[in-house]
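Peer 1: My structure is below; once you've seen it, I'll send some questions.
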Amino acid sequence: MDVAVMRRLRTRFVSLAGEYADRMGERREHIVLKRDHSLRVHALTVRIVAGEGLKPPLAHLAAALLHDIGRFPQFERFGTYRDDESVDHGEAGAAFLADGDFLEAFGARERVCIIEAVRLHNKRELPDGLDPLTGSLCNVVRDADKLDIVPVVLARMQAGGPRDSVVTLGLEDDPGAWTGDVLETVAGGGNPAYRDLRYINDFKLLLASWGPVLVHGTSRRLFAARGYLDRLFALLPETSRLSALKSDLAERLRA
Ligand SMILES: [Fe+2]
């Protein structure tokens, strides 16, 4: 039963992405990128849900699959994935789901929680006092989302690889430069805000800072096992400050 519901939801999501991609013509690859990201976040969530025994599985999987559904109308309308230059794509996704029948297979409470998790998935901080199911959906989606964004961005940061300013947020590509405040935030155990980033190297530091703050042990183990720290720091300048930061992050990831 659950498997059939999930399969239908996936099919519907993929066909919605196809409609947007067809309308985007040459820029269809940006829609495809988010479609594939959503499918991988869904697959990562399958692993986290199993590893952590989260219930009910189906609500978690649906929230993961649909978390970025607001990206499609955002890109079609504004041609960017920068929320600060367009709309908050979490809010856009929640509004899209609330207006449609994507979640008709779910009961009223699960539907409300899934929509709320989509709305909140990209907020810097989650509000206090969240309903427990909404909180659980948010945690898994935010973990899986971070786990998948790292390789997507890494692939476009490799020397000689494809450059894509939509993915690297239009940041300055100066191989030797980073922002001191961003590095200090990461060293202090924090996560810089997107608006604080100036250079592509700042973005690498932001991505590295996500590992230790993943909520679930299964997520942190995936971050470590995939070698994200090594891969990010291999693309940063070799300085003693940065290599000390890498060791520190690796230790926090294991804690
Ligand atoms: Fe998102």
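Labels used: A, B, ... for chains in the order of the structure tokens, numbers from 1 for residues in each chain, and numbers from 1 for ligands as shown.
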Contacts of A:Leu137 at 7 Å or less, counting only C-alpha atoms, minus same-chain residues fewer than 6 places along, as a list in words?
Peer 2: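 Residues near the query, excluding close chain neighbours: His60, Ala63 and Ala117 of chain A.
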Peer 1: Output N, CA and C atoms for every residue in that selection, as a PDB file, in the first residue's frame.
Peer 2:
```
ATOM      1  N   HIS A  60       7.687  10.871   5.963  1.00  0.00           N
ATOM      2  CA  HIS A  60       9.068  11.356   5.838  1.00  0.00           C
ATOM      3  C   HIS A  60       9.520  11.321   4.374  1.00  0.00           C
ATOM      4  N   ALA A  63       7.749  14.079   2.323  1.00  0.00           N
ATOM      5  CA  ALA A  63       8.310  15.410   2.603  1.00  0.00           C
ATOM      6  C   ALA A  63       9.647  15.569   1.881  1.00  0.00           C
ATOM      7  N   ALA A 117       6.660  21.067   6.865  1.00  0.00           N
ATOM      8  CA  ALA A 117       8.074  20.696   6.708  1.00  0.00           C
ATOM      9  C   ALA A 117       8.649  21.263   5.407  1.00  0.00           C
TER      10      ALA A 117
END
```
Peer 1: Please tabulate, as CSV, the residues of chain A that come within 9 Å of ligand 1, each with its closest pair of atoms and the distance in Å to one decimal, counting only C-alpha atoms and all ligand atoms and ordering rows by chain, then residue number upward.
Peer 2:
```
residue,atom,partner,partner_atom_place_in_ligand_line,distance
A:Lys34,CA,ligand 1,1 (Fe),9.0
A:Ser38,CA,ligand 1,1 (Fe),8.9
A:His67,CA,ligand 1,1 (Fe),6.1
A:Asp68,CA,ligand 1,1 (Fe),4.7
A:Ile69,CA,ligand 1,1 (Fe),8.2
A:Gly70,CA,ligand 1,1 (Fe),8.0
A:Arg71,CA,ligand 1,1 (Fe),7.3
A:His89,CA,ligand 1,1 (Fe),6.6
A:Gly90,CA,ligand 1,1 (Fe),6.4
A:Val118,CA,ligand 1,1 (Fe),8.2
A:His121,CA,ligand 1,1 (Fe),6.5
A:Asn122,CA,ligand 1,1 (Fe),5.5
A:Arg142,CA,ligand 1,1 (Fe),8.5
A:Asp145,CA,ligand 1,1 (Fe),7.2
```
Peer 1: How would the residues just picked look written out with N, CA and C atoms as a compact mmCIF listing (two decimals), in the first residue's frame?
Peer 2:
```
# COMPACT_ATOMS: atom_id res chain seq x y z
N LYS A 34 17.14 20.03 -10.23
CA LYS A 34 16.34 20.00 -8.99
C LYS A 34 15.47 18.76 -8.91
N SER A 38 15.91 16.15 -5.86
CA SER A 38 14.78 15.72 -5.03
C SER A 38 14.71 14.20 -4.96
N HIS A 67 10.18 18.38 -1.04
CA HIS A 67 10.67 19.55 -0.30
C HIS A 67 11.01 20.73 -1.21
N ASP A 68 11.49 20.45 -2.41
CA ASP A 68 11.91 21.53 -3.31
C ASP A 68 10.92 21.78 -4.45
N ILE A 69 9.68 21.37 -4.25
CA ILE A 69 8.72 21.52 -5.36
C ILE A 69 8.53 23.00 -5.72
N GLY A 70 8.79 23.88 -4.76
CA GLY A 70 8.69 25.32 -5.02
C GLY A 70 9.80 25.84 -5.94
N ARG A 71 10.84 25.04 -6.14
CA ARG A 71 11.93 25.45 -7.04
C ARG A 71 11.46 25.61 -8.48
N HIS A 89 11.68 29.67 -1.57
CA HIS A 89 11.14 28.50 -2.29
C HIS A 89 10.45 27.51 -1.36
N GLY A 90 10.75 27.58 -0.04
CA GLY A 90 10.01 26.75 0.92
C GLY A 90 8.56 27.21 1.02
N VAL A 118 7.86 21.25 4.35
CA VAL A 118 8.31 21.84 3.08
C VAL A 118 8.54 23.35 3.28
N HIS A 121 11.79 23.79 5.44
CA HIS A 121 13.02 23.02 5.20
C HIS A 121 14.24 23.91 4.94
N ASN A 122 14.01 25.11 4.43
CA ASN A 122 15.15 25.97 4.06
C ASN A 122 15.35 27.12 5.04
N ARG A 142 16.09 18.15 6.14
CA ARG A 142 17.22 19.08 6.20
C ARG A 142 18.55 18.30 6.18
N ASP A 145 18.89 16.85 2.55
CA ASP A 145 19.10 17.96 1.62
C ASP A 145 20.56 18.39 1.65
```
Peer 1: List as a compact mmCIF listing (two decimals) with C-alpha atoms, in the first residue's frame the protein and nucleic acid residues near A:Gly79, meaning an atom at most 10 Å away when only C-alpha atoms are counted, but skip any in the same chain fewer than 4 places from it.
Peer 2:
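That gives us around.txt:
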```txt
# COMPACT_ATOMS: atom_id res chain seq x y z
CA MET A 24 12.05 26.16 -20.02
CA ARG A 27 17.34 26.20 -19.50
CA HIS A 30 18.18 23.63 -14.19
CA PHE A 72 10.08 24.80 -10.30
CA PRO A 73 7.78 27.86 -10.19
CA GLN A 74 10.66 29.89 -8.69
CA PHE A 75 13.00 29.16 -11.59
CA GLU A 85 16.56 37.68 -5.26
CA SER A 86 13.22 36.01 -5.92
CA VAL A 166 23.36 29.32 -10.84
```
Peer 1: Considering only C-alpha atoms, can you say which of A:Arg231, A:Arg124, A:Arg221, A:Arg241 comes closest to A:Trp178?
Peer 2: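 For A:Trp178, the nearest of the given residues is A:Arg241.
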Peer 1: Determine, counting only C-alpha atoms, which protein, DNA and RNA residues have an atom within 12 Å of an atom of A:Ala62; residues of the same chain fewer than 5 positions away are not included. Present the result as number ranges by chain.
Peer 2: A: 2-3, 5-10, 12-13, 38-39, 41-43, 45-46, 49, 56-57, 67-69, 97, 102-106, 110-111, 113-115, 117-118, 137-138, 140-141
Peer 1: Quote the spacing between atom CA of A:Leu171 and atom CA of A:Pro237 in Å to one decimal place.
Peer 2: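 Calculated distance between atom CA of A:Leu171 and atom CA of A:Pro237 is 16.8 Å.
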Peer 1: Just the residues within 12 Å of A:Ser247, please, counting only C-alpha atoms, with nothing from its chain fewer than 3 positions along; format it as a list in words.
Peer 2: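 The contact residues come out as Ala187, Ala208, Leu229, Asp230, Phe233, Ser240, Arg241, Leu242, Ser243, Ala244, Ala250, Glu251, Arg252, Leu253 and Arg254 of chain A.
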Peer 1: What are the DSSP alpha helix (DSSP H) residues of stretch 51-111 of chain A, as a PyMOL selection string?
Peer 2: chain A and resi 51-52+57-66+71-78+89-99+108-111
Peer 1: Grab the atom CA of A:Gly93 to atom CA of A:Asp36 distance for me, in Å with one decimal place.
Peer 2: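 Separation between atom CA of A:Gly93 and atom CA of A:Asp36: 16.6 Å.
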Peer 1: Counting only C-alpha atoms, which residue out of A:Glu76, A:Glu116, A:Asp148, A:Glu52 sits closest to A:Arg23?
Peer 2: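 Checking each of A:Glu76, A:Glu116, A:Asp148, A:Glu52 against A:Arg23, counting only C-alpha atoms, the winner is A:Glu76.
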Peer 1: Have a look at A:Gly190, A:Ser15, A:Lys123, A:Asp181 and name the one nearest to A:Asp83; count only C-alpha atoms.
Peer 2: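 Distance minimum relative to A:Asp83 lands on A:Lys123.
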Peer 1: Please determine, counting only C-alpha atoms, which residue among A:Gly18, A:Gly227, A:Gly170, A:Gly180 has the shortest atom-to-atom distance to A:Leu205.
Peer 2: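 Between A:Gly18, A:Gly227, A:Gly170, A:Gly180, the residue approaching A:Leu205 most closely is A:Gly180.
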Peer 1: Nearest residue to A:Val186 out of A:Leu54, A:Leu169, A:Asn139, A:Lys246, using only C-alpha atoms?
Peer 2: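 Smallest distance to A:Val186 is found for A:Lys246.
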Peer 1: To one decimal place, how far is atom CA of A:Arg198 from atom CA of A:Pro212 in Å?
Peer 2: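 Atom CA of A:Pro212 lies 22.8 Å from atom CA of A:Arg198.
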Peer 1: Between A:Asp131, A:Leu245, A:Glu29, A:Gln158, which has the minimum distance to A:Thr185 (counting only C-alpha atoms)?
Peer 2: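 Of the candidates, the smallest distance to A:Thr185 is held by A:Leu245.
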